[in-house]
Amino acid sequence: MRLTRSMTSAAGLAILASTAVAEPAFNVVLNQAQSSVTASLTVNGVTGTDTSPVTGYIRVKLNAASAPSSIELHDFDFAATEPLELVLRYIVFIEVGRLTVNATGVGVEYANLGTPMGPVPITSNAFSFANVPADSRGNASYTATGIVCTLLQSQSPPLACSGAFNLADTGTQTASTLPGTITVNNRVATLSGSINISGPIDPANPSLGSLTISGMFVGSGTVPYCPGDFDQDGSVAVPDIFAFLAAWFAGLPSADFDGMNGNDVPDIFAYLAAWFAPC
Ligand SMILES: [Ca+2]
Ligand SMILES: [Ca+2]
């Protein structure tokens with residue numbers, strides 16, 4: 001009898017040791033009215049800028065859904081909803097040249113999908129990721145006149161005075177920081193932040209000019225429960241197994257874990273697999 005009890009408690013300790021407190025990753029969907037991207041192009045000392053609202057999401061993971069103290073970055077994808085038009089005017093008493101750039105389908109996305117960054121600490125609701133790899137996309141065309149055309153033609157090799165390019169051709173760039181703030185109330189997270197990517201428009205010819213893409217974003221998302229957190233108290237622990245079994249024996253729909261054929265034996269295996277799986 002004593003042997004049985006000690007074996008039981010050892011098994012219980014082994015189960016308790018696997019208790020997980022982490023929360024699942026989730027998407028924060030951007031609020032288009034409060035999120036924007038600004039492109040800023042500087043060539044030969046003259047700058048043109050344009051701004052568009054932004055849609056998209058940022059995918060994060062918190063260590064806890066209530067008062068989180070750390071955050072991981074899993075993914076993001078921001079898309080400008082409007083074309084961007086940058087007009088650079090070169091004026092010496094009169095306009096002596098002009099560069100016009102039109103860009104459509106401009107977007108920025110996380111470049112290391114499947115490899116999260118962090119976790120980084122959250123202090124007073126604020127966090128910051130460093131050296132975030134990002135890929136840009138979009139199609140741009142440009143037309144240069146006057147001294148700008150002359151400038152382009154004087155490059156080595158010479159550049160045409162009009163043309164088109166794909167923003168994806170610039171390759172993966174690094175945002176030195178991606179700072180933000182996050183608050184969570186009743187498992188609804190509100191996140192705001194910014195990202196700034198800057199680089200030469202022609203990497204082989206960095207003195208020609210630079211392009212900066214800056215994003216400001218605000219969004220919200222609901223932190224889901226881990227599948228194994230059956231009693232939804234924020235951790236996956238032994239009471240979840242008892243809560244699941246109670247629901248299963250009571251024939252409650254919530255115990256139809258695989259969503260097939262009502263409450264049957266495969267649900268028990270499916271639930272236990274979820275309980276043991278990392279969240
Ligand atoms: Ca639980
Ligand atoms: Ca079932």
# chains A, B, ... in the order shown; residues from 1 in each chain; ligands from 1

call {"tool": "residues_around", "arguments": {"residues": "stretch 130-145 of chain A", "least_positions_apart": "6", "cutoff": "8 Å", "atoms": "only C-alpha atoms", "output": "PyMOL selection string"}}
result
chain A and resi 97-112+161-168+170-178

call {"tool": "residues_around", "arguments": {"residues": "stretch 44-53 of chain A", "least_positions_apart": "5", "cutoff": "9 Å", "atoms": "only C-alpha atoms", "output": "VMD selection string"}}
result
chain A and resid 32 to 39 79 to 90 99 to 100 148 151 207 to 209

call {"tool": "residues_near_ligand", "arguments": {"ligand": "ligand 2", "cutoff": "8 Å", "atoms": "only C-alpha atoms and all ligand atoms", "output": "NGL selection string"}}
result
:A and (255-267)

call {"tool": "residues_near_ligand", "arguments": {"ligand": "ligand 1", "cutoff": "10 Å", "atoms": "only C-alpha atoms and all ligand atoms", "output": "list of chain:residue names"}}
result
A:Thr19, A:Ala20, A:Val21, A:Tyr225, A:Cys226, A:Pro227, A:Gly228, A:Asp229, A:Phe230, A:Asp231, A:Gln232, A:Asp233, A:Gly234, A:Ser235, A:Val236, A:Ala237, A:Val238, A:Pro239, A:Asp240, A:Ile241, A:Ala243, A:Trp275

call {"tool": "residues_around", "arguments": {"residues": "stretch 183-197 of chain A", "least_positions_apart": "6", "cutoff": "8 Å", "atoms": "only C-alpha atoms", "output": "ChimeraX atom specification"}}
result
/A:28,65-68,125,173-177,212-224

call {"tool": "write_last_selection", "arguments": {"atoms": "N, CA and C atoms", "output": "CSV table (one decimal), in the first residue's frame"}}
result
chain,number,residue,atom,x,y,z
A,28,VAL,N,-1.8,40.2,-33.7
A,28,VAL,CA,-2.3,41.5,-33.5
A,28,VAL,C,-2.7,42.1,-34.8
A,65,ALA,N,-0.6,36.0,-20.1
A,65,ALA,CA,-1.7,36.8,-20.7
A,65,ALA,C,-2.1,37.9,-19.7
A,66,SER,N,-1.7,37.8,-18.5
A,66,SER,CA,-2.0,38.9,-17.5
A,66,SER,C,-0.7,39.4,-17.0
A,67,ALA,N,-0.5,40.7,-17.2
A,67,ALA,CA,0.8,41.4,-16.8
A,67,ALA,C,2.0,40.7,-17.4
A,68,PRO,N,2.1,40.5,-18.7
A,68,PRO,CA,3.2,39.8,-19.3
A,68,PRO,C,4.5,40.6,-19.0
A,125,ASN,N,5.2,48.3,-19.7
A,125,ASN,CA,4.5,48.1,-20.9
A,125,ASN,C,5.3,48.3,-22.2
A,173,GLN,N,16.7,43.7,-45.4
A,173,GLN,CA,17.4,44.8,-44.7
A,173,GLN,C,17.1,44.6,-43.2
A,174,THR,N,17.8,45.4,-42.4
A,174,THR,CA,17.7,45.3,-41.0
A,174,THR,C,17.2,46.5,-40.4
A,175,ALA,N,16.1,46.4,-39.6
A,175,ALA,CA,15.6,47.5,-38.8
A,175,ALA,C,16.4,47.5,-37.5
A,176,SER,N,17.1,48.5,-37.2
A,176,SER,CA,18.0,48.5,-36.0
A,176,SER,C,17.2,48.3,-34.8
A,177,THR,N,15.9,48.9,-34.7
A,177,THR,CA,15.1,48.7,-33.5
A,177,THR,C,13.6,48.5,-34.0
A,212,THR,N,14.1,55.6,-47.0
A,212,THR,CA,13.7,55.2,-45.7
A,212,THR,C,12.2,54.9,-45.7
A,213,ILE,N,11.9,53.7,-45.1
A,213,ILE,CA,10.5,53.3,-45.0
A,213,ILE,C,10.2,53.2,-43.5
A,214,SER,N,9.3,54.0,-43.0
A,214,SER,CA,9.0,54.1,-41.6
A,214,SER,C,7.5,53.6,-41.4
A,215,GLY,N,7.3,52.7,-40.5
A,215,GLY,CA,5.9,52.3,-40.2
A,215,GLY,C,5.6,52.6,-38.7
A,216,MET,N,4.3,53.1,-38.6
A,216,MET,CA,3.8,53.3,-37.2
A,216,MET,C,2.6,52.4,-37.1
A,217,PHE,N,2.4,51.6,-36.1
A,217,PHE,CA,1.3,50.7,-36.1
A,217,PHE,C,0.7,50.6,-34.7
A,218,VAL,N,-0.7,50.4,-34.8
A,218,VAL,CA,-1.5,50.1,-33.6
A,218,VAL,C,-2.4,49.0,-33.9
A,219,GLY,N,-2.6,48.1,-33.0
A,219,GLY,CA,-3.5,47.0,-33.3
A,219,GLY,C,-3.9,46.3,-32.0
A,220,SER,N,-4.8,45.3,-32.2
A,220,SER,CA,-5.2,44.5,-31.0
A,220,SER,C,-5.5,43.1,-31.4
A,221,GLY,N,-5.4,42.2,-30.5
A,221,GLY,CA,-5.7,40.8,-30.7
A,221,GLY,C,-6.0,40.1,-29.4
A,222,THR,N,-6.7,39.0,-29.5
A,222,THR,CA,-7.0,38.2,-28.3
A,222,THR,C,-6.0,37.1,-28.1
A,223,VAL,N,-5.5,37.0,-26.9
A,223,VAL,CA,-4.6,35.9,-26.6
A,223,VAL,C,-5.4,34.6,-26.4
A,224,PRO,N,-5.2,33.6,-27.2
A,224,PRO,CA,-6.0,32.4,-27.1
A,224,PRO,C,-5.4,31.6,-25.9

call {"tool": "atom_distance", "arguments": {"atom1": "atom CA of A:Pro24", "atom2": "atom CA of A:Val54"}}
result
25.4 Å

call {"tool": "select_by_dssp", "arguments": {"residues": "stretch 208-269 of chain A", "states": "helix (DSSP H, G or I)", "output": "PyMOL selection string"}}
result
chain A and resi 208+238-249+253-255+265-269

call {"tool": "atom_distance", "arguments": {"atom1": "atom CA of A:Ser40", "atom2": "atom CA of A:Asn205"}}
result
18.1 Å

call {"tool": "closest_residue", "arguments": {"among": "A:Asp169, A:Val92, A:Pro206, A:Ala25", "to": "A:Ile147", "atoms": "only C-alpha atoms"}}
result
A:Val92

call {"tool": "closest_residue", "arguments": {"among": "A:Ser70, A:Ala160, A:Glu95, A:Leu245", "to": "A:Tyr271", "atoms": "only C-alpha atoms"}}
result
A:Leu245

call {"tool": "residues_around", "arguments": {"residues": "A:Ile71", "least_positions_apart": "4", "cutoff": "8 Å", "atoms": "only C-alpha atoms", "output": "ChimeraX atom specification"}}
result
/A:60-63,118-122,127

call {"tool": "atom_distance", "arguments": {"atom1": "atom CA of A:Ala64", "atom2": "atom CA of A:Ala274"}}
result
18.6 Å
